[in-house]
Structures are given as C-alpha cells and as structure tokens.
Amino acid sequence: MNINIRLNLLGVLDLKQNELDLDIAAETTVETLLELIDRHNPGFRAALTGEDGTISRQFVFFINGRNVMQLEGMKTVLAAGDAINVIPAIAGG
Amino acid sequence: MIIDRPESHFIFVFPSEHVEYGYNYINLRGEPLTNKQYLEHWGKWLVFGNRGEVEALAKKLDPFVEEHRVPAVKYDRKLITEFQLNRCVMCVYCHYYQRDDVWEVLAELGVKDKAWMFERETLEKWMPGGVNLEKWIQGRNMDAEQAERVREGARERFRKMFADDDAIFTGVDQ
C-alpha cells in the first residue's frame, strides 16, 4: 500500500530526501516506517527516537494531521493513503 | 483584519469585531471557552513557509476570519533566531470540533501538509524543561541565574492564567 511522507524539518536535520512515496506492507507500524525512511535518509531513525525507543520529544510525527503520540505511538499501524508529516517540536508555535 | 504591529514578533489575523469590540474569537458556536475547555479543545493547524508565502496565505485567510469560518491566525514576522528554523510558522487556530471545516479552507487555498497541535501541547513546550523554552534560553546564551528566572517566570505566568478551570479563557500574551 502507498503512503506519502513529508519531512518538514525546517533545517533541523540535513536530509537527502524530504518527500517520499513508499509502498509498504499491510500492518506496517510507525516503528517499521522509521527504519524504511532511514534507508533513504541515513541517521533519520536515530535522530527521531529517544533513549526509550519512542519518538523523541524534539520531533512531532503526524499521521493525517494527528500526533502519533495521541494514537498508539510507535505501534500505530499505518493504512493505505496515510499522509505522514514530521516536524521539529519547536516549530509548533 | 490583519494586525501588524512592529513591536510584536507575530502578525495576527483577527475578526474586526475582536479588534474593535472585544469579540472573543476563542469560542465554540459563539460560546467563549473556559480555561479547562481551552486546554482540552483549542488548537491550531500548523503551516510553514517563507515570509512571503505565509503573508500571502494570511491575506487569503483574512476574509474567512472576518466571516468567522476561521477563528484567528498568527504567523512569524521573521525567522526566530533562537530556534534556527529555516521557515516561518503560521498557526491557524480553531476548536478541535471545527478543525475539519478549517482544514477544508486551508486545503482549498493550497496547504498540503497536515499538522494539528493542541494549545496545551504548545504551552507544555514553553514550561520549564519544555523543548521551546529550553531552546530559547539556550539561543539567548543566558547564564544559569537568568535561565532560572525565565523558567520561574514561565511557571508563575501559566499558573496564574489557568488557576481557575471555570473562568473564561482570556488569552496568552504574545
């Protein structure tokens, strides 16, 4: 299934690819997605995750506009057509 | 109405009635929100762009704000040096229950990336230990004593603002 990923990191991280369209397996979680994005942007997964393995408080990970920490966190399962957006937390107003 | 006061970091888009008559745009179906309701339900769509882009979008949003279809907007006058971001941030405010309607307006105007943030999340980031406050302190090269004064000031300010759950929310000084 296809999902669109936009990494709006506003210069906080140096990325090779800011926008990705990925074909992922059904039942893919956010955790797995970070690994997939990391293949295109080495170091991305390490930057996005904190010591406890969850999304670092330095970033906000949105699925269709909703903060993934208000869903199931890293265990959130993605669906076809989901739009992913990642921003630095300090950009949240 | 676009409110551009040079002394403010932000440029605002408010309904004229707010500026001229004190109309409270922080409401749901005309009913002003209490502190508790504000923290539970008020938030914003985040939009990023250079100054020209957010300014152009603000002008397009102005009529919707006048019609109360979008409660209010604010955006950075310039990049915030302390944060080292390469884009300006625009906040398009509304109640959680209205967010789909407001998103519809934004999507019509060409906004593509969805990012909803509750105001309570933003306020937490501006409390001691929060990413925004700590980054701002670091960006200002404050010494330990100054930093602690800023943290204590933030703590006290927010304590006073939200002391009474049932009081009508009166806004954040920005």
# chains A, B, ... in the order shown; residues from 1 in each chain; ligands from 1
>>> interface_residues(of="chain B", to="chain A", cutoff="9 Å", atoms="only C-alpha atoms", output="count of residues only")
28
>>> select_by_dssp(residues="segment 26-174 of chain B", states="alpha helix (DSSP H)", output="PyMOL selection string")
chain B and resi 35-41+51-66+99-108+119-125+131-139+144-161
>>> select_by_dssp(residues="segment 1-31 of chain A", states="strand (DSSP E or B)", output="number ranges by chain")
A: 2-7, 19-23, 29
>>> write_last_selection(atoms="all heavy atoms", output="mmCIF file, in the first residue's frame")
data_model
loop_
_atom_site.group_PDB
_atom_site.id
_atom_site.type_symbol
_atom_site.label_atom_id
_atom_site.label_comp_id
_atom_site.auth_asym_id
_atom_site.auth_seq_id
_atom_site.Cartn_x
_atom_site.Cartn_y
_atom_site.Cartn_z
ATOM 1 N N ASN A 2 0.349 2.304 -0.583
ATOM 2 C CA ASN A 2 1.154 3.513 -0.767
ATOM 3 C C ASN A 2 0.890 4.553 0.320
ATOM 4 O O ASN A 2 -0.266 4.762 0.700
ATOM 5 C CB ASN A 2 0.833 4.117 -2.144
ATOM 6 C CG ASN A 2 1.774 5.255 -2.468
ATOM 7 O OD1 ASN A 2 1.409 6.420 -2.326
ATOM 8 N ND2 ASN A 2 2.982 4.941 -2.862
ATOM 9 N N ILE A 3 1.953 5.146 0.820
ATOM 10 C CA ILE A 3 1.787 6.280 1.722
ATOM 11 C C ILE A 3 2.759 7.390 1.300
ATOM 12 O O ILE A 3 3.804 7.120 0.710
ATOM 13 C CB ILE A 3 2.033 5.930 3.203
ATOM 14 C CG1 ILE A 3 3.438 5.384 3.412
ATOM 15 C CG2 ILE A 3 1.012 4.944 3.720
ATOM 16 C CD1 ILE A 3 3.823 5.338 4.863
ATOM 17 N N ASN A 4 2.360 8.610 1.612
ATOM 18 C CA ASN A 4 3.170 9.777 1.286
ATOM 19 C C ASN A 4 3.802 10.335 2.562
ATOM 20 O O ASN A 4 3.138 10.431 3.588
ATOM 21 C CB ASN A 4 2.297 10.853 0.626
ATOM 22 C CG ASN A 4 3.092 12.106 0.342
ATOM 23 O OD1 ASN A 4 2.990 13.092 1.056
ATOM 24 N ND2 ASN A 4 3.898 12.079 -0.709
ATOM 25 N N ILE A 5 5.075 10.645 2.463
ATOM 26 C CA ILE A 5 5.795 11.132 3.652
ATOM 27 C C ILE A 5 6.423 12.482 3.337
ATOM 28 O O ILE A 5 7.125 12.617 2.329
ATOM 29 C CB ILE A 5 6.916 10.141 4.037
ATOM 30 C CG1 ILE A 5 6.303 8.790 4.407
ATOM 31 C CG2 ILE A 5 7.758 10.686 5.197
ATOM 32 C CD1 ILE A 5 7.241 7.637 4.197
ATOM 33 N N ARG A 6 6.149 13.458 4.197
ATOM 34 C CA ARG A 6 6.770 14.771 4.037
ATOM 35 C C ARG A 6 7.536 15.077 5.319
ATOM 36 O O ARG A 6 6.967 15.050 6.405
ATOM 37 C CB ARG A 6 5.691 15.834 3.821
ATOM 38 C CG ARG A 6 4.756 15.514 2.680
ATOM 39 C CD ARG A 6 5.129 16.202 1.451
ATOM 40 N NE ARG A 6 4.890 17.623 1.562
ATOM 41 C CZ ARG A 6 4.776 18.410 0.505
ATOM 42 N NH1 ARG A 6 4.839 17.912 -0.701
ATOM 43 N NH2 ARG A 6 4.609 19.691 0.662
ATOM 44 N N LEU A 7 8.812 15.319 5.142
ATOM 45 C CA LEU A 7 9.665 15.597 6.291
ATOM 46 C C LEU A 7 9.935 17.095 6.302
ATOM 47 O O LEU A 7 10.822 17.597 5.600
ATOM 48 C CB LEU A 7 10.964 14.792 6.173
ATOM 49 C CG LEU A 7 10.766 13.278 6.018
ATOM 50 C CD1 LEU A 7 12.094 12.574 5.769
ATOM 51 C CD2 LEU A 7 10.064 12.693 7.232
ATOM 52 N N GLU A 19 10.762 14.319 0.714
ATOM 53 C CA GLU A 19 9.457 13.776 0.367
ATOM 54 C C GLU A 19 9.642 12.382 -0.209
ATOM 55 O O GLU A 19 10.499 12.164 -1.072
ATOM 56 C CB GLU A 19 8.739 14.667 -0.650
ATOM 57 C CG GLU A 19 7.316 14.196 -0.914
ATOM 58 C CD GLU A 19 6.489 15.166 -1.736
ATOM 59 O OE1 GLU A 19 6.982 16.262 -2.057
ATOM 60 O OE2 GLU A 19 5.341 14.805 -2.048
ATOM 61 N N LEU A 20 8.834 11.470 0.277
ATOM 62 C CA LEU A 20 8.924 10.076 -0.153
ATOM 63 C C LEU A 20 7.528 9.532 -0.394
ATOM 64 O O LEU A 20 6.600 9.839 0.360
ATOM 65 C CB LEU A 20 9.582 9.213 0.943
ATOM 66 C CG LEU A 20 11.001 9.567 1.373
ATOM 67 C CD1 LEU A 20 11.306 8.972 2.740
ATOM 68 C CD2 LEU A 20 11.978 9.029 0.347
ATOM 69 N N ASP A 21 7.412 8.752 -1.437
ATOM 70 C CA ASP A 21 6.202 7.940 -1.622
ATOM 71 C C ASP A 21 6.660 6.500 -1.474
ATOM 72 O O ASP A 21 7.499 6.043 -2.259
ATOM 73 C CB ASP A 21 5.595 8.158 -3.018
ATOM 74 C CG ASP A 21 4.755 9.410 -3.056
ATOM 75 O OD1 ASP A 21 3.855 9.535 -2.206
ATOM 76 O OD2 ASP A 21 5.005 10.264 -3.922
ATOM 77 N N LEU A 22 6.174 5.841 -0.457
ATOM 78 C CA LEU A 22 6.649 4.489 -0.186
ATOM 79 C C LEU A 22 5.528 3.479 -0.364
ATOM 80 O O LEU A 22 4.364 3.742 -0.008
ATOM 81 C CB LEU A 22 7.178 4.376 1.248
ATOM 82 C CG LEU A 22 8.453 5.142 1.590
ATOM 83 C CD1 LEU A 22 8.871 4.828 3.029
ATOM 84 C CD2 LEU A 22 9.580 4.802 0.630
ATOM 85 N N ASP A 23 5.921 2.342 -0.879
ATOM 86 C CA ASP A 23 4.989 1.213 -0.950
ATOM 87 C C ASP A 23 5.329 0.310 0.218
ATOM 88 O O ASP A 23 6.450 -0.217 0.285
ATOM 89 C CB ASP A 23 5.169 0.481 -2.286
ATOM 90 C CG ASP A 23 4.069 -0.514 -2.528
ATOM 91 O OD1 ASP A 23 2.945 -0.314 -2.016
ATOM 92 O OD2 ASP A 23 4.321 -1.521 -3.219
ATOM 93 N N THR A 29 3.982 -0.686 11.010
ATOM 94 C CA THR A 29 3.851 0.254 12.129
ATOM 95 C C THR A 29 4.750 1.468 11.911
ATOM 96 O O THR A 29 5.640 1.463 11.035
ATOM 97 C CB THR A 29 4.263 -0.411 13.440
ATOM 98 O OG1 THR A 29 5.657 -0.776 13.330
ATOM 99 C CG2 THR A 29 3.434 -1.642 13.751
#
>>> residues_around(residues="Arg69 of chain B", least_positions_apart="5", cutoff="9 Å", atoms="only C-alpha atoms", output="list in words")
Pro63, Phe64, Gln98, Asp101, Val102 and Val105 of chain B
>>> write_last_selection(atoms="all heavy atoms", output="PDB file, in the first residue's frame")
ATOM      1  N   PRO B  63     -10.522  37.034   4.704  1.00  0.00           N
ATOM      2  CA  PRO B  63     -11.988  37.023   4.558  1.00  0.00           C
ATOM      3  C   PRO B  63     -12.665  35.898   5.339  1.00  0.00           C
ATOM      4  O   PRO B  63     -13.773  36.068   5.852  1.00  0.00           O
ATOM      5  CB  PRO B  63     -12.206  36.834   3.049  1.00  0.00           C
ATOM      6  CG  PRO B  63     -10.913  37.166   2.402  1.00  0.00           C
ATOM      7  CD  PRO B  63      -9.845  36.907   3.408  1.00  0.00           C
ATOM      8  N   PHE B  64     -11.988  34.761   5.428  1.00  0.00           N
ATOM      9  CA  PHE B  64     -12.572  33.638   6.181  1.00  0.00           C
ATOM     10  C   PHE B  64     -12.593  33.948   7.678  1.00  0.00           C
ATOM     11  O   PHE B  64     -13.499  33.520   8.393  1.00  0.00           O
ATOM     12  CB  PHE B  64     -11.772  32.354   5.916  1.00  0.00           C
ATOM     13  CG  PHE B  64     -11.864  31.871   4.502  1.00  0.00           C
ATOM     14  CD1 PHE B  64     -10.872  32.171   3.570  1.00  0.00           C
ATOM     15  CD2 PHE B  64     -12.951  31.119   4.081  1.00  0.00           C
ATOM     16  CE1 PHE B  64     -10.957  31.734   2.251  1.00  0.00           C
ATOM     17  CE2 PHE B  64     -13.049  30.669   2.763  1.00  0.00           C
ATOM     18  CZ  PHE B  64     -12.047  30.980   1.857  1.00  0.00           C
ATOM     19  N   GLN B  98     -14.004  22.007  15.171  1.00  0.00           N
ATOM     20  CA  GLN B  98     -14.106  22.754  13.912  1.00  0.00           C
ATOM     21  C   GLN B  98     -12.960  22.438  12.965  1.00  0.00           C
ATOM     22  O   GLN B  98     -12.877  22.990  11.861  1.00  0.00           O
ATOM     23  CB  GLN B  98     -14.004  24.267  14.174  1.00  0.00           C
ATOM     24  CG  GLN B  98     -15.067  24.873  15.040  1.00  0.00           C
ATOM     25  CD  GLN B  98     -14.679  26.318  15.346  1.00  0.00           C
ATOM     26  OE1 GLN B  98     -13.638  26.595  15.956  1.00  0.00           O
ATOM     27  NE2 GLN B  98     -15.525  27.246  14.957  1.00  0.00           N
ATOM     28  N   ASP B 101     -13.498  21.543   9.244  1.00  0.00           N
ATOM     29  CA  ASP B 101     -14.013  22.657   8.434  1.00  0.00           C
ATOM     30  C   ASP B 101     -12.899  23.645   8.107  1.00  0.00           C
ATOM     31  O   ASP B 101     -12.807  24.169   6.988  1.00  0.00           O
ATOM     32  CB  ASP B 101     -15.134  23.392   9.181  1.00  0.00           C
ATOM     33  CG  ASP B 101     -16.370  22.518   9.336  1.00  0.00           C
ATOM     34  OD1 ASP B 101     -16.567  21.599   8.510  1.00  0.00           O
ATOM     35  OD2 ASP B 101     -17.143  22.744  10.295  1.00  0.00           O
ATOM     36  N   VAL B 102     -12.057  23.924   9.101  1.00  0.00           N
ATOM     37  CA  VAL B 102     -10.957  24.866   8.864  1.00  0.00           C
ATOM     38  C   VAL B 102      -9.944  24.245   7.910  1.00  0.00           C
ATOM     39  O   VAL B 102      -9.403  24.924   7.025  1.00  0.00           O
ATOM     40  CB  VAL B 102     -10.307  25.288  10.199  1.00  0.00           C
ATOM     41  CG1 VAL B 102      -9.037  26.101   9.963  1.00  0.00           C
ATOM     42  CG2 VAL B 102     -11.298  26.098  11.032  1.00  0.00           C
ATOM     43  N   VAL B 105     -10.844  24.762   4.347  1.00  0.00           N
ATOM     44  CA  VAL B 105     -10.460  26.099   3.838  1.00  0.00           C
ATOM     45  C   VAL B 105      -8.980  26.093   3.454  1.00  0.00           C
ATOM     46  O   VAL B 105      -8.606  26.551   2.371  1.00  0.00           O
ATOM     47  CB  VAL B 105     -10.726  27.191   4.904  1.00  0.00           C
ATOM     48  CG1 VAL B 105     -10.151  28.526   4.466  1.00  0.00           C
ATOM     49  CG2 VAL B 105     -12.221  27.306   5.192  1.00  0.00           C
TER      50      VAL B 105
END
>>> closest_atom_pairs(of="segment 47-120 of chain B", to="segment 11-21 of chain B", cutoff="7 Å", atoms="only C-alpha atoms", output="CSV")
residue,atom,partner,partner_atom,distance
B:Asp62,CA,B:Val13,CA,6.3
B:Val65,CA,B:Pro15,CA,5.5
B:Glu66,CA,B:Pro15,CA,4.7
B:Ala72,CA,B:Phe14,CA,5.1
B:Val73,CA,B:Val13,CA,4.9
B:Lys74,CA,B:Phe12,CA,4.3
B:Tyr75,CA,B:Ile11,CA,5.5
B:Asp76,CA,B:Ile11,CA,6.4
B:Arg77,CA,B:Ile11,CA,6.0
>>> write_last_selection(atoms="N, CA and C atoms", output="PDB file, in the first residue's frame")
ATOM      1  N   ASP B  62      -7.834  36.069   5.435  1.00  0.00           N
ATOM      2  CA  ASP B  62      -8.480  37.211   6.095  1.00  0.00           C
ATOM      3  C   ASP B  62     -10.008  37.205   5.912  1.00  0.00           C
ATOM      4  N   VAL B  65     -11.586  34.689   8.125  1.00  0.00           N
ATOM      5  CA  VAL B  65     -11.555  35.091   9.535  1.00  0.00           C
ATOM      6  C   VAL B  65     -12.673  36.107   9.792  1.00  0.00           C
ATOM      7  N   GLU B  66     -12.880  37.012   8.872  1.00  0.00           N
ATOM      8  CA  GLU B  66     -13.962  38.003   9.021  1.00  0.00           C
ATOM      9  C   GLU B  66     -15.319  37.312   9.083  1.00  0.00           C
ATOM     10  N   ALA B  72      -8.973  32.575  13.964  1.00  0.00           N
ATOM     11  CA  ALA B  72      -7.844  33.511  14.043  1.00  0.00           C
ATOM     12  C   ALA B  72      -6.597  32.846  13.475  1.00  0.00           C
ATOM     13  N   VAL B  73      -5.638  33.682  13.130  1.00  0.00           N
ATOM     14  CA  VAL B  73      -4.375  33.222  12.537  1.00  0.00           C
ATOM     15  C   VAL B  73      -3.242  34.054  13.132  1.00  0.00           C
ATOM     16  N   LYS B  74      -2.073  33.462  13.269  1.00  0.00           N
ATOM     17  CA  LYS B  74      -0.894  34.285  13.539  1.00  0.00           C
ATOM     18  C   LYS B  74       0.283  33.682  12.777  1.00  0.00           C
ATOM     19  N   TYR B  75       1.244  34.513  12.448  1.00  0.00           N
ATOM     20  CA  TYR B  75       2.445  33.982  11.805  1.00  0.00           C
ATOM     21  C   TYR B  75       3.662  34.802  12.187  1.00  0.00           C
ATOM     22  N   ASP B  76       4.833  34.189  12.005  1.00  0.00           N
ATOM     23  CA  ASP B  76       6.098  34.834  12.341  1.00  0.00           C
ATOM     24  C   ASP B  76       6.363  36.000  11.399  1.00  0.00           C
ATOM     25  N   ARG B  77       6.738  37.115  11.983  1.00  0.00           N
ATOM     26  CA  ARG B  77       7.154  38.254  11.162  1.00  0.00           C
ATOM     27  C   ARG B  77       8.479  37.931  10.455  1.00  0.00           C
TER      28      ARG B  77
END
>>> decode(residues="segment 132-171 of chain B", atoms="N, CA and C atoms", output="PDB file, in the first residue's frame")
ATOM      1  N   ASN B 132      10.706  24.145  23.716  1.00  0.00           N
ATOM      2  CA  ASN B 132      10.745  25.517  23.199  1.00  0.00           C
ATOM      3  C   ASN B 132      11.437  26.463  24.181  1.00  0.00           C
ATOM      4  N   LEU B 133      11.050  26.406  25.440  1.00  0.00           N
ATOM      5  CA  LEU B 133      11.628  27.316  26.424  1.00  0.00           C
ATOM      6  C   LEU B 133      13.120  27.062  26.565  1.00  0.00           C
ATOM      7  N   GLU B 134      13.509  25.816  26.643  1.00  0.00           N
ATOM      8  CA  GLU B 134      14.933  25.492  26.833  1.00  0.00           C
ATOM      9  C   GLU B 134      15.755  25.877  25.595  1.00  0.00           C
ATOM     10  N   LYS B 135      15.183  25.684  24.420  1.00  0.00           N
ATOM     11  CA  LYS B 135      15.894  26.080  23.203  1.00  0.00           C
ATOM     12  C   LYS B 135      16.026  27.600  23.140  1.00  0.00           C
ATOM     13  N   TRP B 136      14.986  28.298  23.561  1.00  0.00           N
ATOM     14  CA  TRP B 136      15.001  29.756  23.560  1.00  0.00           C
ATOM     15  C   TRP B 136      16.043  30.272  24.542  1.00  0.00           C
ATOM     16  N   ILE B 137      16.092  29.675  25.740  1.00  0.00           N
ATOM     17  CA  ILE B 137      17.089  30.054  26.751  1.00  0.00           C
ATOM     18  C   ILE B 137      18.498  29.827  26.213  1.00  0.00           C
ATOM     19  N   GLN B 138      18.690  28.669  25.585  1.00  0.00           N
ATOM     20  CA  GLN B 138      19.996  28.331  25.011  1.00  0.00           C
ATOM     21  C   GLN B 138      20.356  29.329  23.911  1.00  0.00           C
ATOM     22  N   GLY B 139      19.383  29.690  23.088  1.00  0.00           N
ATOM     23  CA  GLY B 139      19.635  30.608  21.976  1.00  0.00           C
ATOM     24  C   GLY B 139      19.990  32.011  22.437  1.00  0.00           C
ATOM     25  N   ARG B 140      19.552  32.352  23.647  1.00  0.00           N
ATOM     26  CA  ARG B 140      19.850  33.673  24.194  1.00  0.00           C
ATOM     27  C   ARG B 140      21.147  33.682  25.014  1.00  0.00           C
ATOM     28  N   ASN B 141      21.798  32.511  25.097  1.00  0.00           N
ATOM     29  CA  ASN B 141      23.054  32.394  25.861  1.00  0.00           C
ATOM     30  C   ASN B 141      22.915  32.913  27.288  1.00  0.00           C
ATOM     31  N   MET B 142      21.850  32.539  27.939  1.00  0.00           N
ATOM     32  CA  MET B 142      21.640  33.011  29.313  1.00  0.00           C
ATOM     33  C   MET B 142      22.526  32.253  30.278  1.00  0.00           C
ATOM     34  N   ASP B 143      22.910  32.950  31.357  1.00  0.00           N
ATOM     35  CA  ASP B 143      23.612  32.209  32.404  1.00  0.00           C
ATOM     36  C   ASP B 143      22.571  31.466  33.244  1.00  0.00           C
ATOM     37  N   ALA B 144      23.079  30.680  34.171  1.00  0.00           N
ATOM     38  CA  ALA B 144      22.190  29.785  34.931  1.00  0.00           C
ATOM     39  C   ALA B 144      21.136  30.576  35.712  1.00  0.00           C
ATOM     40  N   GLU B 145      21.562  31.716  36.262  1.00  0.00           N
ATOM     41  CA  GLU B 145      20.636  32.500  37.095  1.00  0.00           C
ATOM     42  C   GLU B 145      19.529  33.129  36.239  1.00  0.00           C
ATOM     43  N   GLN B 146      19.931  33.683  35.119  1.00  0.00           N
ATOM     44  CA  GLN B 146      18.935  34.280  34.210  1.00  0.00           C
ATOM     45  C   GLN B 146      17.945  33.213  33.736  1.00  0.00           C
ATOM     46  N   ALA B 147      18.515  32.058  33.362  1.00  0.00           N
ATOM     47  CA  ALA B 147      17.682  30.967  32.851  1.00  0.00           C
ATOM     48  C   ALA B 147      16.655  30.550  33.896  1.00  0.00           C
ATOM     49  N   GLU B 148      17.083  30.471  35.125  1.00  0.00           N
ATOM     50  CA  GLU B 148      16.172  30.048  36.188  1.00  0.00           C
ATOM     51  C   GLU B 148      15.085  31.088  36.425  1.00  0.00           C
ATOM     52  N   ARG B 149      15.445  32.345  36.275  1.00  0.00           N
ATOM     53  CA  ARG B 149      14.432  33.407  36.415  1.00  0.00           C
ATOM     54  C   ARG B 149      13.378  33.306  35.304  1.00  0.00           C
ATOM     55  N   VAL B 150      13.850  33.023  34.107  1.00  0.00           N
ATOM     56  CA  VAL B 150      12.921  32.867  32.979  1.00  0.00           C
ATOM     57  C   VAL B 150      12.007  31.671  33.224  1.00  0.00           C
ATOM     58  N   ARG B 151      12.592  30.590  33.706  1.00  0.00           N
ATOM     59  CA  ARG B 151      11.774  29.375  33.965  1.00  0.00           C
ATOM     60  C   ARG B 151      10.736  29.660  35.040  1.00  0.00           C
ATOM     61  N   GLU B 152      11.151  30.320  36.082  1.00  0.00           N
ATOM     62  CA  GLU B 152      10.221  30.622  37.179  1.00  0.00           C
ATOM     63  C   GLU B 152       9.127  31.566  36.697  1.00  0.00           C
ATOM     64  N   GLY B 153       9.507  32.518  35.853  1.00  0.00           N
ATOM     65  CA  GLY B 153       8.525  33.440  35.290  1.00  0.00           C
ATOM     66  C   GLY B 153       7.478  32.726  34.450  1.00  0.00           C
ATOM     67  N   ALA B 154       7.933  31.766  33.656  1.00  0.00           N
ATOM     68  CA  ALA B 154       7.004  30.993  32.817  1.00  0.00           C
ATOM     69  C   ALA B 154       6.060  30.186  33.698  1.00  0.00           C
ATOM     70  N   ARG B 155       6.631  29.550  34.707  1.00  0.00           N
ATOM     71  CA  ARG B 155       5.830  28.711  35.605  1.00  0.00           C
ATOM     72  C   ARG B 155       4.739  29.548  36.273  1.00  0.00           C
ATOM     73  N   GLU B 156       5.135  30.708  36.793  1.00  0.00           N
ATOM     74  CA  GLU B 156       4.195  31.566  37.513  1.00  0.00           C
ATOM     75  C   GLU B 156       3.130  32.140  36.574  1.00  0.00           C
ATOM     76  N   ARG B 157       3.546  32.516  35.397  1.00  0.00           N
ATOM     77  CA  ARG B 157       2.602  33.096  34.436  1.00  0.00           C
ATOM     78  C   ARG B 157       1.505  32.100  34.086  1.00  0.00           C
ATOM     79  N   PHE B 158       1.917  30.881  33.813  1.00  0.00           N
ATOM     80  CA  PHE B 158       0.923  29.878  33.435  1.00  0.00           C
ATOM     81  C   PHE B 158       0.075  29.455  34.633  1.00  0.00           C
ATOM     82  N   ARG B 159       0.668  29.456  35.810  1.00  0.00           N
ATOM     83  CA  ARG B 159      -0.113  29.100  36.986  1.00  0.00           C
ATOM     84  C   ARG B 159      -1.254  30.110  37.176  1.00  0.00           C
ATOM     85  N   LYS B 160      -0.924  31.371  37.012  1.00  0.00           N
ATOM     86  CA  LYS B 160      -1.937  32.424  37.188  1.00  0.00           C
ATOM     87  C   LYS B 160      -2.999  32.343  36.093  1.00  0.00           C
ATOM     88  N   MET B 161      -2.565  32.097  34.859  1.00  0.00           N
ATOM     89  CA  MET B 161      -3.509  32.086  33.732  1.00  0.00           C
ATOM     90  C   MET B 161      -4.566  31.004  33.902  1.00  0.00           C
ATOM     91  N   PHE B 162      -4.156  29.877  34.434  1.00  0.00           N
ATOM     92  CA  PHE B 162      -5.065  28.728  34.455  1.00  0.00           C
ATOM     93  C   PHE B 162      -5.480  28.325  35.867  1.00  0.00           C
ATOM     94  N   ALA B 163      -5.383  29.251  36.804  1.00  0.00           N
ATOM     95  CA  ALA B 163      -5.695  28.944  38.204  1.00  0.00           C
ATOM     96  C   ALA B 163      -7.141  28.489  38.372  1.00  0.00           C
ATOM     97  N   ASP B 164      -8.043  29.091  37.611  1.00  0.00           N
ATOM     98  CA  ASP B 164      -9.475  28.784  37.762  1.00  0.00           C
ATOM     99  C   ASP B 164      -9.970  28.072  36.502  1.00  0.00           C
ATOM    100  N   ASP B 165     -10.261  26.800  36.633  1.00  0.00           N
ATOM    101  CA  ASP B 165     -10.716  25.990  35.496  1.00  0.00           C
ATOM    102  C   ASP B 165     -11.937  26.569  34.806  1.00  0.00           C
ATOM    103  N   ASP B 166     -12.815  27.178  35.610  1.00  0.00           N
ATOM    104  CA  ASP B 166     -14.122  27.596  35.084  1.00  0.00           C
ATOM    105  C   ASP B 166     -14.170  29.045  34.627  1.00  0.00           C
ATOM    106  N   ALA B 167     -13.062  29.761  34.810  1.00  0.00           N
ATOM    107  CA  ALA B 167     -13.026  31.147  34.337  1.00  0.00           C
ATOM    108  C   ALA B 167     -12.925  31.140  32.825  1.00  0.00           C
ATOM    109  N   ILE B 168     -13.470  32.167  32.195  1.00  0.00           N
ATOM    110  CA  ILE B 168     -13.370  32.274  30.735  1.00  0.00           C
ATOM    111  C   ILE B 168     -11.903  32.544  30.370  1.00  0.00           C
ATOM    112  N   PHE B 169     -11.395  31.801  29.417  1.00  0.00           N
ATOM    113  CA  PHE B 169     -10.008  31.972  28.994  1.00  0.00           C
ATOM    114  C   PHE B 169      -9.836  33.353  28.371  1.00  0.00           C
ATOM    115  N   THR B 170      -8.783  34.050  28.804  1.00  0.00           N
ATOM    116  CA  THR B 170      -8.628  35.442  28.348  1.00  0.00           C
ATOM    117  C   THR B 170      -7.415  35.649  27.439  1.00  0.00           C
ATOM    118  N   GLY B 171      -6.736  34.592  27.050  1.00  0.00           N
ATOM    119  CA  GLY B 171      -5.671  34.749  26.060  1.00  0.00           C
ATOM    120  C   GLY B 171      -4.282  34.659  26.643  1.00  0.00           C
TER     121      GLY B 171
END
